[in-house]
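Below is protein17.cif, holding mmCIF, C-alpha atoms and all ligand atoms.
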```cif
data_upload
loop_
_atom_site.label_atom_id
_atom_site.label_comp_id
_atom_site.auth_asym_id
_atom_site.auth_seq_id
_atom_site.Cartn_x
_atom_site.Cartn_y
_atom_site.Cartn_z
CA MET A 1 -50.01 -8.07 59.00
CA LYS A 2 -51.35 -11.60 58.69
CA GLU A 3 -49.66 -14.36 60.64
CA ARG A 4 -47.11 -16.26 58.52
CA MET A 5 -46.42 -19.93 59.07
CA LYS A 6 -44.49 -22.80 57.53
CA GLY A 7 -46.33 -25.85 56.28
CA PHE A 8 -45.72 -29.14 54.50
CA ILE A 9 -47.88 -30.22 51.55
CA THR A 10 -49.38 -33.68 52.06
CA ALA A 11 -51.95 -33.79 49.27
CA VAL A 12 -52.82 -31.85 46.14
CA HIS A 13 -56.42 -31.56 45.06
CA ARG A 14 -57.76 -29.66 42.11
CA GLU A 15 -57.48 -26.21 43.62
CA ARG A 16 -56.72 -26.93 47.24
CA TYR A 17 -53.77 -28.29 49.09
CA GLU A 18 -53.69 -30.25 52.31
CA VAL A 19 -50.97 -28.82 54.50
CA LYS A 20 -49.52 -29.90 57.81
CA VAL A 21 -48.93 -26.85 59.95
CA ASN A 22 -47.49 -27.44 63.41
CA GLY A 23 -48.91 -30.95 63.44
CA GLU A 24 -52.37 -29.78 62.37
CA ASP A 25 -53.98 -30.62 59.00
CA LEU A 26 -55.23 -27.53 57.21
CA TYR A 27 -56.45 -26.62 53.75
CA ALA A 28 -54.68 -24.00 51.69
CA ARG A 29 -54.89 -22.29 48.32
CA LEU A 30 -52.34 -20.44 46.27
CA LYS A 31 -52.33 -16.71 46.76
CA ALA A 32 -53.43 -15.39 43.39
CA GLY A 33 -51.44 -12.18 43.61
CA ILE A 34 -48.26 -14.24 43.81
CA TYR A 35 -48.83 -17.40 41.81
CA PHE A 36 -51.24 -16.26 39.11
CA ILE A 37 -49.42 -13.30 37.70
CA ASP A 38 -47.34 -12.96 34.55
CA GLN A 39 -43.75 -13.97 35.17
CA CYS A 40 -44.59 -15.65 38.44
CA GLU A 41 -41.30 -16.56 40.06
CA GLU A 42 -42.63 -19.18 42.44
CA GLU A 43 -42.66 -22.87 41.59
CA PHE A 44 -46.12 -24.35 42.01
CA PRO A 45 -46.02 -26.48 45.14
CA THR A 46 -46.44 -30.22 45.02
CA ILE A 47 -46.57 -33.07 47.52
CA GLY A 48 -43.54 -32.95 49.78
CA ASP A 49 -43.00 -29.22 49.39
CA ASN A 50 -42.39 -26.92 52.31
CA VAL A 51 -44.31 -23.70 51.89
CA GLU A 52 -44.83 -20.43 53.63
CA LEU A 53 -48.42 -19.44 54.14
CA GLU A 54 -50.65 -16.81 55.59
CA TYR A 55 -52.76 -18.32 58.29
CA ASN A 56 -56.48 -17.81 58.04
CA PRO A 57 -58.46 -18.94 61.08
CA LEU A 58 -61.73 -18.58 59.14
CA GLY A 59 -60.96 -20.53 55.99
CA ASP A 60 -58.27 -21.80 53.67
CA CYS A 61 -54.76 -20.56 54.34
CA LEU A 62 -52.96 -18.80 51.49
CA ILE A 63 -49.70 -20.18 50.17
CA ILE A 64 -47.30 -17.36 49.45
CA LYS A 65 -43.98 -19.10 48.86
CA THR A 66 -42.60 -22.48 47.78
CA LEU A 67 -39.46 -23.07 49.80
CA GLU A 68 -36.26 -24.40 48.31
CA ARG A 69 -36.20 -28.11 47.51
CA LYS A 70 -33.42 -30.42 48.63
CA SER A 71 -34.17 -32.97 45.93
CA ALA A 72 -36.49 -33.26 42.95
CA PHE A 73 -37.45 -35.41 40.04
CA SER A 74 -38.68 -33.41 37.12
CA ARG A 75 -39.19 -33.90 33.49
CA LYS A 76 -39.26 -31.55 30.54
CA ASP A 77 -42.91 -31.10 29.78
CA PRO A 78 -43.56 -31.09 26.05
CA ASP A 79 -46.94 -29.40 26.63
CA VAL A 80 -45.45 -26.29 28.16
CA GLY A 81 -42.58 -25.70 25.79
CA MET A 82 -39.44 -25.27 27.83
CA GLY A 83 -41.30 -25.82 31.09
CA GLU A 84 -40.68 -28.56 33.56
CA GLN A 85 -43.06 -30.93 35.19
CA ILE A 86 -42.16 -31.57 38.81
CA ILE A 87 -42.77 -35.17 39.79
CA ALA A 88 -41.61 -35.50 43.39
CA VAL A 89 -39.64 -33.30 45.75
CA ASN A 90 -37.78 -33.29 49.05
CA PHE A 91 -37.23 -37.01 49.31
CA ASP A 92 -34.21 -38.47 51.09
CA TYR A 93 -34.02 -41.86 49.42
CA VAL A 94 -34.83 -43.29 46.03
CA PHE A 95 -35.55 -47.00 46.20
CA ILE A 96 -34.71 -48.37 42.79
CA LEU A 97 -36.87 -51.46 42.51
CA MET A 98 -35.87 -54.13 40.07
CA SER A 99 -37.14 -57.66 40.11
CA LEU A 100 -34.70 -60.51 39.98
CA ASN A 101 -36.45 -62.24 37.14
CA TYR A 102 -38.27 -60.75 34.15
CA ASP A 103 -37.36 -57.17 34.82
CA PHE A 104 -33.66 -57.75 35.43
CA ASN A 105 -31.84 -55.28 33.19
CA LEU A 106 -28.51 -53.72 34.08
CA LYS A 107 -28.56 -50.96 31.48
CA ARG A 108 -31.83 -49.74 32.87
CA LEU A 109 -30.55 -49.98 36.41
CA GLU A 110 -27.62 -47.81 35.40
CA ARG A 111 -29.99 -45.17 34.07
CA TYR A 112 -32.11 -45.22 37.20
CA LEU A 113 -28.97 -44.81 39.27
CA THR A 114 -27.80 -41.80 37.30
CA ALA A 115 -31.21 -40.20 37.48
CA SER A 116 -31.36 -40.81 41.22
CA TRP A 117 -27.98 -39.26 41.94
CA GLN A 118 -28.92 -36.25 39.86
CA SER A 119 -32.19 -35.80 41.71
CA GLY A 120 -30.35 -35.06 44.95
CA GLY A 121 -31.77 -38.14 46.69
CA GLN A 122 -29.71 -41.14 47.78
CA PRO A 123 -30.37 -44.27 45.72
CA VAL A 124 -30.81 -47.69 47.31
CA ILE A 125 -31.08 -50.70 45.02
CA VAL A 126 -33.94 -52.97 46.06
CA LEU A 127 -34.01 -56.29 44.25
CA THR A 128 -37.56 -57.60 44.52
CA LYS A 129 -39.28 -60.98 44.33
CA ALA A 130 -36.37 -62.74 46.02
CA ASP A 131 -38.70 -65.67 46.77
CA ILE A 132 -39.03 -66.63 43.11
CA ALA A 133 -35.65 -65.49 41.83
CA GLU A 134 -33.19 -67.77 40.11
CA GLU A 135 -29.42 -67.40 39.81
CA THR A 136 -29.52 -64.76 42.52
CA GLU A 137 -25.82 -64.92 43.38
CA GLU A 138 -24.76 -64.33 39.78
CA LYS A 139 -27.21 -61.47 39.38
CA LEU A 140 -26.15 -59.87 42.61
CA GLU A 141 -22.54 -59.89 41.42
CA LEU A 142 -23.53 -58.11 38.23
CA VAL A 143 -25.49 -55.50 40.13
CA LYS A 144 -22.57 -54.88 42.50
CA GLN A 145 -20.34 -54.10 39.57
CA ILE A 146 -22.42 -51.15 38.46
CA ALA A 147 -23.75 -50.10 41.87
CA MET A 148 -20.48 -48.37 42.81
CA GLY A 149 -21.03 -48.22 46.53
CA THR A 150 -24.82 -47.94 46.45
CA ASP A 151 -26.47 -50.18 49.04
CA ILE A 152 -28.17 -53.25 47.64
CA CYS A 153 -31.02 -55.08 49.38
CA MET A 154 -32.74 -58.22 48.25
CA VAL A 155 -36.32 -58.57 49.42
CA SER A 156 -39.60 -60.36 48.97
CA ALA A 157 -42.90 -58.68 49.72
CA VAL A 158 -44.51 -62.12 49.82
CA THR A 159 -42.32 -63.85 52.42
CA GLY A 160 -40.95 -60.67 54.01
CA GLU A 161 -37.37 -61.86 53.63
CA GLY A 162 -34.75 -59.12 53.51
CA MET A 163 -37.16 -56.39 54.60
CA GLU A 164 -35.19 -55.66 57.79
CA GLN A 165 -32.34 -54.35 55.59
CA LEU A 166 -34.55 -51.38 54.71
CA LYS A 167 -35.06 -50.25 58.28
CA PRO A 168 -32.10 -47.84 58.30
CA TYR A 169 -33.77 -45.86 55.51
CA LEU A 170 -37.39 -45.99 56.55
CA GLU A 171 -36.75 -43.79 59.53
CA PRO A 172 -39.10 -41.25 61.07
CA ASP A 173 -39.07 -37.95 59.17
CA LYS A 174 -37.30 -39.47 56.19
CA THR A 175 -39.05 -39.55 52.84
CA THR A 176 -38.64 -42.23 50.20
CA VAL A 177 -39.76 -42.51 46.59
CA PHE A 178 -39.81 -45.65 44.45
CA LEU A 179 -38.44 -45.89 40.98
CA GLY A 180 -38.94 -48.95 38.83
CA SER A 181 -40.62 -50.38 35.81
CA SER A 182 -44.19 -51.53 35.75
CA GLY A 183 -44.68 -54.86 37.42
CA VAL A 184 -41.56 -54.92 39.61
CA GLY A 185 -43.82 -54.97 42.64
CA LYS A 186 -44.11 -51.35 43.80
CA SER A 187 -47.72 -51.68 44.95
CA THR A 188 -47.11 -54.98 46.69
CA PHE A 189 -44.04 -53.52 48.35
CA THR A 190 -45.91 -50.41 49.53
CA ASN A 191 -48.74 -52.56 50.87
CA TYR A 192 -46.24 -54.66 52.74
CA LEU A 193 -44.66 -51.61 54.34
CA LEU A 194 -48.00 -50.14 55.24
CA GLY A 195 -49.20 -53.49 56.47
CA ARG A 196 -52.58 -53.08 54.85
CA GLU A 197 -54.31 -52.90 51.51
CA LEU A 198 -53.32 -49.64 49.91
CA MET A 199 -56.20 -49.51 47.49
CA LYS A 200 -58.66 -49.69 50.36
CA THR A 201 -57.07 -47.11 52.59
CA GLY A 202 -55.45 -44.88 50.03
CA GLU A 203 -58.54 -43.17 48.70
CA ILE A 204 -59.57 -39.63 49.42
CA ARG A 205 -63.11 -38.45 48.97
CA GLU A 206 -63.25 -34.91 47.82
CA ASP A 207 -66.06 -32.52 47.03
CA ASP A 208 -65.48 -30.84 43.72
CA SER A 209 -66.68 -27.30 43.06
CA LYS A 210 -70.14 -28.54 42.09
CA GLY A 211 -70.52 -30.59 45.23
CA HIS A 212 -69.89 -33.95 43.55
CA HIS A 213 -67.75 -36.50 45.25
CA THR A 214 -64.62 -37.43 43.40
CA THR A 215 -62.16 -40.05 44.50
CA THR A 216 -58.49 -39.50 44.11
CA HIS A 217 -55.67 -41.67 45.25
CA ARG A 218 -53.63 -40.65 48.22
CA GLN A 219 -50.04 -40.03 47.19
CA LEU A 220 -48.21 -39.59 50.44
CA PHE A 221 -48.18 -42.42 52.94
CA VAL A 222 -46.95 -42.23 56.48
CA LEU A 223 -45.71 -45.47 58.01
CA ASP A 224 -46.46 -46.18 61.67
CA ASN A 225 -43.06 -44.88 62.75
CA GLY A 226 -43.54 -41.57 60.89
CA SER A 227 -41.48 -42.42 57.81
CA ARG A 228 -42.98 -41.11 54.58
CA ILE A 229 -43.44 -42.59 51.13
CA ILE A 230 -44.37 -40.53 48.10
CA ASP A 231 -46.17 -42.56 45.47
CA THR A 232 -47.49 -40.41 42.64
CA PRO A 233 -48.55 -41.59 39.19
CA GLY A 234 -45.72 -39.42 37.91
CA MET A 235 -43.16 -41.56 39.72
CA ARG A 236 -44.54 -44.60 37.95
CA GLU A 237 -44.29 -42.92 34.58
CA LEU A 238 -40.85 -41.61 35.36
CA GLY A 239 -39.59 -45.17 35.26
CA MET A 240 -40.59 -45.42 31.63
CA TRP A 241 -39.42 -41.93 30.75
CA ILE A 242 -35.95 -42.56 32.07
CA VAL A 243 -35.64 -45.53 29.79
CA ASP A 244 -37.18 -43.58 26.92
CA ASP A 245 -35.20 -40.42 27.16
CA GLY A 246 -32.62 -41.30 29.74
CA MET A 247 -30.57 -38.63 28.03
CA ASP A 248 -32.40 -35.88 29.81
CA PHE A 249 -31.12 -37.19 33.11
CA SER A 250 -27.70 -38.57 32.45
CA PHE A 251 -26.43 -36.05 29.97
CA SER A 252 -27.93 -32.74 30.94
CA ASP A 253 -24.68 -30.95 30.05
CA ILE A 254 -24.91 -32.25 26.49
CA ASN A 255 -28.59 -31.39 26.28
CA ASP A 256 -27.75 -27.85 27.29
CA LEU A 257 -25.15 -27.68 24.53
CA ILE A 258 -27.52 -29.03 21.91
CA MET A 259 -30.00 -26.30 22.79
CA GLN A 260 -27.31 -23.74 21.99
CA CYS A 261 -26.55 -25.00 18.46
CA ARG A 262 -27.38 -22.33 15.90
CA PHE A 263 -29.70 -24.61 13.94
CA SER A 264 -32.44 -26.37 15.83
CA ASN A 265 -32.02 -29.41 13.57
CA CYS A 266 -28.23 -29.47 13.95
CA THR A 267 -26.81 -32.97 13.52
CA HIS A 268 -23.50 -31.91 15.14
CA ASN A 269 -21.56 -33.08 12.13
CA GLY A 270 -19.73 -29.91 11.27
CA GLU A 271 -22.58 -27.42 10.86
CA PRO A 272 -21.64 -23.78 11.55
CA GLY A 273 -22.51 -22.59 15.06
CA CYS A 274 -22.58 -26.11 16.49
CA ALA A 275 -22.18 -25.81 20.26
CA VAL A 276 -21.15 -29.45 20.59
CA ALA A 277 -18.22 -28.97 18.20
CA GLN A 278 -17.30 -25.77 20.01
CA ALA A 279 -17.31 -27.50 23.41
CA MET A 280 -15.09 -30.29 22.09
CA GLU A 281 -12.70 -27.69 20.76
CA ASP A 282 -12.46 -25.88 24.11
CA GLY A 283 -12.12 -29.22 25.85
CA THR A 284 -15.25 -28.79 28.01
CA LEU A 285 -16.71 -31.87 26.30
CA THR A 286 -14.52 -34.90 25.70
CA GLU A 287 -14.85 -36.96 22.59
CA LYS A 288 -15.30 -40.04 24.74
CA ARG A 289 -18.31 -38.57 26.51
CA TRP A 290 -19.87 -37.47 23.24
CA LYS A 291 -19.42 -40.95 21.76
CA ASN A 292 -20.91 -42.48 24.87
CA TYR A 293 -23.89 -40.17 24.60
CA ARG A 294 -24.44 -41.15 20.98
CA LYS A 295 -24.18 -44.84 21.81
CA ILE A 296 -26.61 -44.74 24.73
CA GLN A 297 -28.99 -42.59 22.71
CA LYS A 298 -29.12 -45.27 20.05
CA GLU A 299 -29.64 -48.06 22.58
CA SER A 300 -32.26 -46.15 24.45
CA LYS A 301 -34.29 -45.63 21.29
CA PHE A 302 -34.06 -49.32 20.58
CA GLN A 303 -35.01 -50.26 24.14
CA ALA A 304 -37.92 -47.81 24.21
CA ALA A 305 -39.29 -49.23 20.98
CA LYS A 306 -38.99 -52.73 22.36
CA GLU A 307 -40.70 -51.81 25.61
CA SER A 308 -43.55 -49.96 23.97
CA ARG A 309 -44.21 -53.07 21.88
CA GLN A 310 -44.22 -55.20 25.02
CA GLN A 311 -46.48 -52.74 26.82
CA ALA A 312 -48.89 -52.80 23.91
CA VAL A 313 -49.11 -56.57 24.12
CA VAL A 314 -49.69 -56.48 27.88
CA ARG A 315 -52.32 -53.78 27.53
CA LYS A 316 -54.15 -55.72 24.85
CA LYS A 317 -54.18 -58.82 27.02
CA SER A 318 -55.33 -57.04 30.12
CA ASN A 319 -58.02 -55.08 28.31
CA LYS A 320 -59.40 -58.32 27.10
CA LYS A 321 -59.47 -59.76 30.61
CA LYS A 322 -61.11 -56.77 32.22
CA GLN A 323 -61.90 -53.54 30.43
CA GLY A 324 -58.86 -51.47 31.27
CA HIS A 325 -59.11 -52.01 35.01
CA PHE A 326 -56.08 -50.55 36.70
CA SER A 327 -55.41 -53.25 39.27
CA LYS A 328 -55.60 -55.82 36.53
CA MET A 329 -52.80 -54.02 34.70
CA ASN A 330 -50.68 -54.40 37.83
CA GLU A 331 -51.21 -58.10 37.89
CA THR A 332 -50.42 -58.70 34.26
CA GLY A 333 -47.34 -56.53 34.73
CA GLY A 334 -45.72 -59.38 36.61
CA GLU A 335 -46.09 -61.86 33.80
CA TRP A 336 -43.44 -60.58 31.46
N1 LIG B 401 -43.44 -63.89 44.15
C1 LIG B 401 -43.53 -62.59 44.34
N2 LIG B 401 -44.38 -61.88 43.59
C2 LIG B 401 -44.47 -60.55 43.80
C3 LIG B 401 -43.68 -59.87 44.76
N3 LIG B 401 -43.97 -58.55 44.71
C4 LIG B 401 -44.91 -58.41 43.76
N4 LIG B 401 -45.23 -59.61 43.20
C5 LIG B 401 -46.19 -59.85 42.11
O1 LIG B 401 -45.78 -59.14 40.96
C6 LIG B 401 -46.90 -58.59 40.27
C7 LIG B 401 -46.74 -57.09 40.07
O2 LIG B 401 -46.69 -56.45 41.34
P1 LIG B 401 -47.21 -54.96 41.58
O3 LIG B 401 -46.97 -54.66 43.00
O4 LIG B 401 -48.57 -54.76 41.05
O5 LIG B 401 -46.19 -54.15 40.64
P2 LIG B 401 -46.07 -52.58 40.40
O6 LIG B 401 -44.62 -52.28 40.34
O7 LIG B 401 -46.88 -51.83 41.40
O8 LIG B 401 -46.67 -52.41 38.98
P3 LIG B 401 -47.30 -51.04 38.33
O9 LIG B 401 -48.50 -50.70 39.16
O10 LIG B 401 -47.65 -51.48 36.94
O11 LIG B 401 -46.23 -50.00 38.37
C8 LIG B 401 -48.11 -58.99 41.09
O12 LIG B 401 -48.68 -60.12 40.50
C9 LIG B 401 -47.56 -59.29 42.46
O13 LIG B 401 -48.32 -60.23 43.15
C10 LIG B 401 -42.77 -60.68 45.55
O14 LIG B 401 -42.02 -60.19 46.41
N5 LIG B 401 -42.73 -62.00 45.27
ZN ZN B 402 -24.73 -29.01 16.89
#
```

Translate the structure described by the file into structure tokens.
Amino acid sequence: MKERMKGFITAVHRERYEVKVNGEDLYARLKAGIYFIDQCEEEFPTIGDNVELEYNPLGDCLIIKTLERKSAFSRKDPDVGMGEQIIAVNFDYVFILMSLNYDFNLKRLERYLTASWQSGGQPVIVLTKADIAEETEEKLELVKQIAMGTDICMVSAVTGEGMEQLKPYLEPDKTTVFLGSSGVGKSTFTNYLLGRELMKTGEIREDDSKGHHTTTHRQLFVLDNGSRIIDTPGMRELGMWIVDDGMDFSFSDINDLIMQCRFSNCTHNGEPGCAVAQAMEDGTLTEKRWKNYRKIQKESKFQAAKESRQQAVVRKKSNKKKQGHFSKMNETGGEW
């Protein structure tokens, strides 16, 4: 019997995982007989996952089980039918970043809050760019009205003001993810917390199967006190998705109903076998909630269309400045 151990995934490469096992960094692979079989019951591990593995003193360990997650952000993945794409797991806090100027949008904040509560993590509202904000008192009042008890911090990554308010969350062994639209200052904020240039230190050199070096971006950062930050590209996209199809997060009960309608193109206006109508009849769905769903759905479509137009403009501008360079996109993000 091989020795079994528990580990924590700190990085995901193409086929290998970096795992912390009893304080030691090891490489691991998925055990094929468990993960690559038809009807595999294990979730594929991702950064932040706790796993069980078979220790191999001579080479890569073998991951045999993905342990239960205490929190997760996922998204329905259109490429895998009904499948789900896991974005981040096992975080304690979700910092919802919103800037106090261009990005200030209460509807969106509401959506981020709902998504955060549903993820199992605890949201904390972080209002960024306090150094250049105007009408801060008024805005803070508005945020308080929808925050419903969620802590609110106002910070600047440029002057450092307000940062001490985040200390109670950024504790050793706690994990935080950031949620927010492009340009709110996530990179600047992460750099501030790390106290160094992320782009310079965040790169991993990896040998691919043909011996070429590839560079990927590190996605789990450990602050000096041992507190962890997960920063995956998926978390960045999630911000946009929540605004796009916020429905998937806030109204999962209604989504489940809609999937049960007899006709896949049911408009829920009296068709036979409509699960929405049925639920309203049994009283499991109130008319008020249904109306609210319809209303937000309409707004979210409108908002998504507006944002994709804005994004297109920003992209065009930044491509002109520098052919699609990523860091340039970050900078232009702050201009609108
Ligand atoms: N004045 C001021 N500017 C800031 C602050 N934080 C970020 N910025 C600026 O805002 C712009 C966008 O910041 P980023 O950190 O790149 O934003 P981001 O959220 O990482 O953007 P994406 O990478 O597109 O998701 C940059 O020009 C930053 O210099 C702040 O606290 N105060
Ligand atoms: Zn229906």

Test item: residues lying within 8 Å of ligand ZN 402 (chain B) with only C-alpha atoms and all ligand atoms, as a PyMOL selection string: chain A and resi 257-258+260-263+266-271+273-277

Could the residues in this selection be saved with C-alpha atoms as a CSV table (one decimal), in the frame of the given file?
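Done, and the output landed in part_34.csv:
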```csv
chain,number,residue,atom,x,y,z
A,257,LEU,CA,-25.2,-27.7,24.5
A,258,ILE,CA,-27.5,-29.0,21.9
A,260,GLN,CA,-27.3,-23.7,22.0
A,261,CYS,CA,-26.6,-25.0,18.5
A,262,ARG,CA,-27.4,-22.3,15.9
A,263,PHE,CA,-29.7,-24.6,13.9
A,266,CYS,CA,-28.2,-29.5,14.0
A,267,THR,CA,-26.8,-33.0,13.5
A,268,HIS,CA,-23.5,-31.9,15.1
A,269,ASN,CA,-21.6,-33.1,12.1
A,270,GLY,CA,-19.7,-29.9,11.3
A,271,GLU,CA,-22.6,-27.4,10.9
A,273,GLY,CA,-22.5,-22.6,15.1
A,274,CYS,CA,-22.6,-26.1,16.5
A,275,ALA,CA,-22.2,-25.8,20.3
A,276,VAL,CA,-21.2,-29.4,20.6
A,277,ALA,CA,-18.2,-29.0,18.2
```

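Comparing A:Met259, A:Ile146, A:Ala11, A:Ile132 by their smallest distance to ligand LIG 401 (chain B), the closest is A:Ile132 (using all atoms listed in the file).
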
10 Å contact set for stretch 176-183 of chain A, all atoms listed in the file, chain neighbours under 6 positions out, as an NGL selection string: :A and (73 or 88-99 or 102-103 or 108-109 or 112-113 or 115-116 or 121-126 or 169-170 or 189-190 or 220-221 or 227-232 or 235-243 or 311 or 329-336)

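Here atom CA of A:Ile47 and atom CA of A:Glu18 stand 9.0 Å from one another.
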
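Atom CA of A:Gly48 to atom CA of A:Val222 spans 11.9 Å [interatomic distance, one decimal].
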
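What separates atom CA of A:Gly195 from atom CA of A:Ala157 is a distance of 10.6 Å.
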
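Between ligand LIG 401 (chain B) and the residues A:Lys139, A:Lys144, A:Lys174, A:Lys129, the shortest atom-to-atom distance, using all atoms listed in the file, involves A:Lys129.
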
Residue nearest A:Pro233 among A:Ile87, A:Leu53, A:Met5, A:Ala72 (counting all atoms listed in the file): A:Ile87

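These residues, each with an atom at most 10 Å from (-44.7, -24.3, 40.4) using all atoms listed in the file, are Tyr35, Cys40, Glu41, Glu42, Glu43, Phe44, Pro45, Thr46, Lys65, Thr66, Glu84, Gln85 and Ile86 of chain A.
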
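Using all atoms listed in the file, the smallest distance between any of A:Leu106, A:Thr159, A:Asn22, A:Gln118 and A:Glu141 comes from A:Leu106.
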
8 Å contact set for A:Ile64, all atoms listed in the file, chain neighbours under 2 positions out, as number ranges by chain: A: 30-31, 34-35, 51-54, 62, 66

Shortest interatomic distance to ligand LIG 401 (chain B) - which of A:Ile63, A:Met148, A:Ala133, A:Ile254, counting all atoms listed in the file: A:Ala133

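Across A:Asp151, A:Glu161, A:Asp224, A:Glu110, the tightest approach to ligand LIG 401 (chain B) is made by A:Glu161 when counting all atoms listed in the file.
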